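Participant: As input, take input-v4.cif (mmCIF, N, CA and C atoms):
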data_protein
#
loop_
_atom_site.label_atom_id
_atom_site.label_comp_id
_atom_site.auth_asym_id
_atom_site.auth_seq_id
_atom_site.Cartn_x
_atom_site.Cartn_y
_atom_site.Cartn_z
N MET A 860 -11.76 -13.63 3.64
CA MET A 860 -10.92 -12.53 4.10
C MET A 860 -11.78 -11.28 4.28
N LYS A 861 -11.83 -10.76 5.48
CA LYS A 861 -12.69 -9.59 5.69
C LYS A 861 -11.96 -8.32 5.27
N PRO A 862 -12.69 -7.36 4.71
CA PRO A 862 -12.05 -6.12 4.24
C PRO A 862 -11.40 -5.38 5.41
N THR A 863 -10.30 -4.74 5.12
CA THR A 863 -9.58 -4.02 6.15
C THR A 863 -10.06 -2.58 6.24
N ARG A 864 -9.91 -1.96 7.41
CA ARG A 864 -10.25 -0.55 7.57
C ARG A 864 -9.04 0.33 7.31
N VAL A 865 -7.90 -0.33 7.08
CA VAL A 865 -6.69 0.44 6.78
C VAL A 865 -6.82 1.02 5.37
N THR A 866 -6.57 2.31 5.25
CA THR A 866 -6.60 2.94 3.92
C THR A 866 -5.16 3.23 3.52
N ASN A 867 -4.95 3.49 2.24
CA ASN A 867 -3.59 3.78 1.79
C ASN A 867 -3.58 4.77 0.64
N THR A 868 -2.41 5.33 0.41
CA THR A 868 -2.23 6.32 -0.66
C THR A 868 -1.31 5.78 -1.75
N ILE A 869 -1.25 4.45 -1.89
CA ILE A 869 -0.33 3.84 -2.85
C ILE A 869 -0.58 4.35 -4.26
N ARG A 870 -1.84 4.43 -4.67
CA ARG A 870 -2.12 4.84 -6.04
C ARG A 870 -1.57 6.25 -6.33
N SER A 871 -1.84 7.20 -5.44
CA SER A 871 -1.34 8.56 -5.68
C SER A 871 0.18 8.62 -5.55
N LEU A 872 0.76 7.82 -4.65
CA LEU A 872 2.22 7.77 -4.54
C LEU A 872 2.85 7.22 -5.82
N ARG A 873 2.23 6.20 -6.41
CA ARG A 873 2.74 5.66 -7.68
C ARG A 873 2.75 6.75 -8.75
N PHE A 874 1.65 7.50 -8.85
CA PHE A 874 1.58 8.55 -9.87
C PHE A 874 2.58 9.66 -9.60
N ALA A 875 2.81 9.95 -8.31
CA ALA A 875 3.78 10.99 -7.95
C ALA A 875 5.21 10.55 -8.23
N HIS A 876 5.42 9.25 -8.33
CA HIS A 876 6.75 8.72 -8.60
C HIS A 876 6.85 8.26 -10.05
N GLY A 877 6.64 9.19 -10.96
CA GLY A 877 6.80 8.90 -12.38
C GLY A 877 5.82 7.90 -12.93
N GLU A 878 4.60 7.92 -12.38
CA GLU A 878 3.55 7.00 -12.82
C GLU A 878 4.03 5.55 -12.80
N MET A 879 4.65 5.17 -11.67
CA MET A 879 5.09 3.79 -11.47
C MET A 879 3.89 2.86 -11.62
N THR A 880 4.08 1.76 -12.33
CA THR A 880 2.97 0.81 -12.50
C THR A 880 2.85 -0.10 -11.28
N GLN A 881 1.71 -0.74 -11.18
CA GLN A 881 1.51 -1.71 -10.10
C GLN A 881 2.53 -2.84 -10.24
N ALA A 882 2.82 -3.21 -11.48
CA ALA A 882 3.79 -4.29 -11.73
C ALA A 882 5.20 -3.88 -11.26
N GLU A 883 5.58 -2.63 -11.52
CA GLU A 883 6.89 -2.14 -11.08
C GLU A 883 6.99 -2.15 -9.56
N LEU A 884 5.94 -1.67 -8.90
CA LEU A 884 5.93 -1.66 -7.45
C LEU A 884 6.01 -3.08 -6.91
N ALA A 885 5.22 -3.98 -7.49
CA ALA A 885 5.22 -5.38 -7.07
C ALA A 885 6.61 -5.99 -7.17
N GLU A 886 7.29 -5.71 -8.28
CA GLU A 886 8.63 -6.25 -8.50
C GLU A 886 9.61 -5.73 -7.45
N ARG A 887 9.50 -4.44 -7.13
CA ARG A 887 10.42 -3.84 -6.16
C ARG A 887 10.19 -4.33 -4.73
N VAL A 888 8.94 -4.74 -4.45
CA VAL A 888 8.62 -5.21 -3.11
C VAL A 888 8.72 -6.74 -3.02
N GLY A 889 8.70 -7.39 -4.18
CA GLY A 889 8.84 -8.85 -4.21
C GLY A 889 7.53 -9.59 -4.05
N VAL A 890 6.45 -9.01 -4.59
CA VAL A 890 5.14 -9.67 -4.55
C VAL A 890 4.55 -9.67 -5.96
N THR A 891 3.37 -10.25 -6.13
CA THR A 891 2.72 -10.25 -7.44
C THR A 891 1.94 -8.94 -7.63
N ARG A 892 1.67 -8.63 -8.88
CA ARG A 892 0.87 -7.44 -9.19
C ARG A 892 -0.52 -7.56 -8.56
N GLN A 893 -1.06 -8.80 -8.51
CA GLN A 893 -2.37 -9.02 -7.90
C GLN A 893 -2.37 -8.61 -6.43
N THR A 894 -1.26 -8.88 -5.74
CA THR A 894 -1.15 -8.49 -4.33
C THR A 894 -1.18 -6.97 -4.19
N VAL A 895 -0.43 -6.28 -5.06
CA VAL A 895 -0.42 -4.81 -5.03
C VAL A 895 -1.82 -4.27 -5.27
N ILE A 896 -2.52 -4.84 -6.25
CA ILE A 896 -3.89 -4.40 -6.56
C ILE A 896 -4.80 -4.58 -5.33
N ALA A 897 -4.72 -5.74 -4.69
CA ALA A 897 -5.56 -6.02 -3.52
C ALA A 897 -5.26 -5.06 -2.37
N ILE A 898 -3.97 -4.77 -2.14
CA ILE A 898 -3.59 -3.83 -1.08
C ILE A 898 -4.12 -2.44 -1.42
N GLU A 899 -3.89 -2.04 -2.68
CA GLU A 899 -4.29 -0.70 -3.13
C GLU A 899 -5.80 -0.50 -2.98
N GLN A 900 -6.57 -1.55 -3.25
CA GLN A 900 -8.03 -1.46 -3.18
C GLN A 900 -8.57 -1.68 -1.77
N GLY A 901 -7.66 -1.93 -0.81
CA GLY A 901 -8.08 -2.12 0.56
C GLY A 901 -8.71 -3.47 0.84
N ARG A 902 -8.48 -4.44 -0.06
CA ARG A 902 -9.03 -5.78 0.13
C ARG A 902 -8.06 -6.67 0.91
N TYR A 903 -6.83 -6.19 1.09
CA TYR A 903 -5.81 -7.00 1.73
C TYR A 903 -4.87 -6.09 2.51
N SER A 904 -4.55 -6.47 3.74
CA SER A 904 -3.58 -5.71 4.53
C SER A 904 -2.22 -6.38 4.41
N PRO A 905 -1.21 -5.62 4.02
CA PRO A 905 0.12 -6.22 3.92
C PRO A 905 0.68 -6.51 5.30
N SER A 906 1.67 -7.40 5.34
CA SER A 906 2.38 -7.63 6.60
C SER A 906 3.09 -6.32 6.96
N LEU A 907 3.47 -6.21 8.20
CA LEU A 907 4.18 -5.01 8.64
C LEU A 907 5.47 -4.85 7.83
N GLU A 908 6.16 -5.96 7.61
CA GLU A 908 7.40 -5.92 6.84
C GLU A 908 7.17 -5.40 5.42
N MET A 909 6.11 -5.92 4.77
CA MET A 909 5.80 -5.47 3.41
C MET A 909 5.38 -4.00 3.39
N ALA A 910 4.64 -3.59 4.41
CA ALA A 910 4.22 -2.19 4.51
C ALA A 910 5.44 -1.27 4.56
N PHE A 911 6.44 -1.65 5.36
CA PHE A 911 7.66 -0.85 5.45
C PHE A 911 8.41 -0.85 4.11
N GLN A 912 8.43 -2.00 3.43
CA GLN A 912 9.10 -2.07 2.13
C GLN A 912 8.43 -1.14 1.12
N ILE A 913 7.11 -1.11 1.12
CA ILE A 913 6.37 -0.23 0.21
C ILE A 913 6.69 1.23 0.50
N ALA A 914 6.67 1.60 1.79
CA ALA A 914 6.99 2.98 2.18
C ALA A 914 8.42 3.34 1.74
N ARG A 915 9.33 2.39 1.89
CA ARG A 915 10.73 2.63 1.53
C ARG A 915 10.90 2.84 0.02
N VAL A 916 10.13 2.11 -0.79
CA VAL A 916 10.18 2.30 -2.25
C VAL A 916 9.87 3.76 -2.59
N PHE A 917 8.91 4.34 -1.87
CA PHE A 917 8.50 5.73 -2.14
C PHE A 917 9.32 6.74 -1.35
N GLY A 918 10.14 6.25 -0.42
CA GLY A 918 10.97 7.14 0.39
C GLY A 918 10.16 8.02 1.33
N VAL A 919 9.08 7.47 1.86
CA VAL A 919 8.22 8.23 2.77
C VAL A 919 7.99 7.43 4.06
N PRO A 920 7.57 8.11 5.14
CA PRO A 920 7.26 7.38 6.38
C PRO A 920 6.05 6.46 6.18
N LEU A 921 6.01 5.42 6.98
CA LEU A 921 4.94 4.43 6.90
C LEU A 921 3.55 5.06 6.95
N ASP A 922 3.36 6.04 7.84
CA ASP A 922 2.00 6.61 7.95
C ASP A 922 1.66 7.61 6.85
N ASP A 923 2.59 7.85 5.92
CA ASP A 923 2.25 8.58 4.70
C ASP A 923 1.62 7.63 3.68
N VAL A 924 1.85 6.33 3.87
CA VAL A 924 1.33 5.32 2.94
C VAL A 924 0.04 4.69 3.48
N PHE A 925 0.06 4.31 4.75
CA PHE A 925 -1.08 3.61 5.35
C PHE A 925 -1.69 4.43 6.48
N GLN A 926 -3.03 4.46 6.51
CA GLN A 926 -3.75 5.18 7.55
C GLN A 926 -4.77 4.22 8.18
N TYR A 927 -4.89 4.32 9.50
CA TYR A 927 -5.90 3.53 10.19
C TYR A 927 -6.82 4.52 10.91
N PRO A 928 -8.12 4.44 10.64
CA PRO A 928 -9.04 5.43 11.20
C PRO A 928 -9.11 5.37 12.73
N GLU A 929 -9.28 6.52 13.34
CA GLU A 929 -9.50 6.59 14.79
C GLU A 929 -10.84 5.95 15.08
N THR A 930 -10.91 5.19 16.15
CA THR A 930 -12.22 4.60 16.51
C THR A 930 -12.97 5.61 17.38
N GLU A 931 -14.23 5.79 17.06
CA GLU A 931 -15.05 6.72 17.83
C GLU A 931 -15.89 5.93 18.80
N GLU A 932 -15.58 6.05 20.09
CA GLU A 932 -16.32 5.29 21.09
C GLU A 932 -17.09 6.21 22.01
#
Have the structure of the file written as structure tokens, please.

Facilitator:
Amino acid sequence: MKPTRVTNTIRSLRFAHGEMTQAELAERVGVTRQTVIAIEQGRYSPSLEMAFQIARVFGVPLDDVFQYPETEE
């Protein structure tokens, strides 16, 4: 699995939401804690559906959670 260039703010969003644990987030989205860790560390890109579910847990727009860098050509 190649590393993704998508970055995310999940860790800071968790802390902003009462220091939600990775396990709590995983439970609310319906995945394992290991999946949340991999997404948070940028080792795994969630499906579009999962990305929306994560954003919805925090009550923020999708692009407040996930960022994709502009390509410089």

Participant: Dig up all the protein and nucleic acid residues within 8 Å of (-2.3, -2.4, -6.9) in the file frame, using only N, CA and C atoms, and format them as a PDB file with N, CA and C atoms, keeping the file's coordinate frame.

Facilitator:
ATOM      1  N   ILE A 869      -1.250   4.450  -1.890  1.00  0.00           N
ATOM      2  CA  ILE A 869      -0.330   3.840  -2.850  1.00  0.00           C
ATOM      3  C   ILE A 869      -0.580   4.350  -4.260  1.00  0.00           C
ATOM      4  N   ARG A 870      -1.840   4.430  -4.670  1.00  0.00           N
ATOM      5  CA  ARG A 870      -2.120   4.840  -6.040  1.00  0.00           C
ATOM      6  C   ARG A 870      -1.570   6.250  -6.330  1.00  0.00           C
ATOM      7  N   THR A 880       4.080   1.760 -12.330  1.00  0.00           N
ATOM      8  CA  THR A 880       2.970   0.810 -12.500  1.00  0.00           C
ATOM      9  C   THR A 880       2.850  -0.100 -11.280  1.00  0.00           C
ATOM     10  N   GLN A 881       1.710  -0.740 -11.180  1.00  0.00           N
ATOM     11  CA  GLN A 881       1.510  -1.710 -10.100  1.00  0.00           C
ATOM     12  C   GLN A 881       2.530  -2.840 -10.240  1.00  0.00           C
ATOM     13  N   ALA A 882       2.820  -3.210 -11.480  1.00  0.00           N
ATOM     14  CA  ALA A 882       3.790  -4.290 -11.730  1.00  0.00           C
ATOM     15  C   ALA A 882       5.200  -3.880 -11.260  1.00  0.00           C
ATOM     16  N   ALA A 885       5.220  -3.980  -7.490  1.00  0.00           N
ATOM     17  CA  ALA A 885       5.220  -5.380  -7.070  1.00  0.00           C
ATOM     18  C   ALA A 885       6.610  -5.990  -7.170  1.00  0.00           C
ATOM     19  N   THR A 891       3.370 -10.250  -6.130  1.00  0.00           N
ATOM     20  CA  THR A 891       2.720 -10.250  -7.440  1.00  0.00           C
ATOM     21  C   THR A 891       1.940  -8.940  -7.630  1.00  0.00           C
ATOM     22  N   ARG A 892       1.670  -8.630  -8.880  1.00  0.00           N
ATOM     23  CA  ARG A 892       0.870  -7.440  -9.190  1.00  0.00           C
ATOM     24  C   ARG A 892      -0.520  -7.560  -8.560  1.00  0.00           C
ATOM     25  N   GLN A 893      -1.060  -8.800  -8.510  1.00  0.00           N
ATOM     26  CA  GLN A 893      -2.370  -9.020  -7.900  1.00  0.00           C
ATOM     27  C   GLN A 893      -2.370  -8.610  -6.430  1.00  0.00           C
ATOM     28  N   THR A 894      -1.260  -8.880  -5.740  1.00  0.00           N
ATOM     29  CA  THR A 894      -1.150  -8.490  -4.330  1.00  0.00           C
ATOM     30  C   THR A 894      -1.180  -6.970  -4.190  1.00  0.00           C
ATOM     31  N   VAL A 895      -0.430  -6.280  -5.060  1.00  0.00           N
ATOM     32  CA  VAL A 895      -0.420  -4.810  -5.030  1.00  0.00           C
ATOM     33  C   VAL A 895      -1.820  -4.270  -5.270  1.00  0.00           C
ATOM     34  N   ILE A 896      -2.520  -4.840  -6.250  1.00  0.00           N
ATOM     35  CA  ILE A 896      -3.890  -4.400  -6.560  1.00  0.00           C
ATOM     36  C   ILE A 896      -4.800  -4.580  -5.330  1.00  0.00           C
ATOM     37  N   ALA A 897      -4.720  -5.740  -4.690  1.00  0.00           N
ATOM     38  CA  ALA A 897      -5.560  -6.020  -3.520  1.00  0.00           C
ATOM     39  C   ALA A 897      -5.260  -5.060  -2.370  1.00  0.00           C
ATOM     40  N   ILE A 898      -3.970  -4.770  -2.140  1.00  0.00           N
ATOM     41  CA  ILE A 898      -3.590  -3.830  -1.080  1.00  0.00           C
ATOM     42  C   ILE A 898      -4.120  -2.440  -1.420  1.00  0.00           C
ATOM     43  N   GLU A 899      -3.890  -2.040  -2.680  1.00  0.00           N
ATOM     44  CA  GLU A 899      -4.290  -0.700  -3.130  1.00  0.00           C
ATOM     45  C   GLU A 899      -5.800  -0.500  -2.980  1.00  0.00           C
ATOM     46  N   GLN A 900      -6.570  -1.550  -3.250  1.00  0.00           N
ATOM     47  CA  GLN A 900      -8.030  -1.460  -3.180  1.00  0.00           C
ATOM     48  C   GLN A 900      -8.570  -1.680  -1.770  1.00  0.00           C
TER      49      GLN A 900
END

Participant: Which of stretch 876-924 of chain A end up as helix (DSSP H, G or I) when DSSP is run on this backbone - answer as JSON, numbers by chain?

Facilitator: {"A": [881, 882, 883, 884, 885, 886, 887, 888, 892, 893, 894, 895, 896, 897, 898, 899, 907, 908, 909, 910, 911, 912, 913, 914, 915, 916, 917, 921, 922, 923, 924]}

Participant: If you apply the PyMOL selection byres ((chain A and resi 917-930) around 6) to this file, what residues do you get, as a ChimeraX atom specification?

Facilitator: /A:864-869,913-916,931-932

Participant: Just the strand (DSSP E or B) stuff from chain A, please, per backbone DSSP, written as a count of residues only.

Facilitator: 4

Participant: Please indicate the distance in Å from atom CA of A:Phe911 to atom CA of A:Arg873, rounded to one decimal place.

Facilitator: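 Taking atom CA of A:Phe911 and atom CA of A:Arg873, their separation equals 15.5 Å.
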
Participant: Can you tell me how far atom C of A:Arg887 sits from atom C of A:Gln912, in Å to one decimal?

Facilitator: 6.9 Å
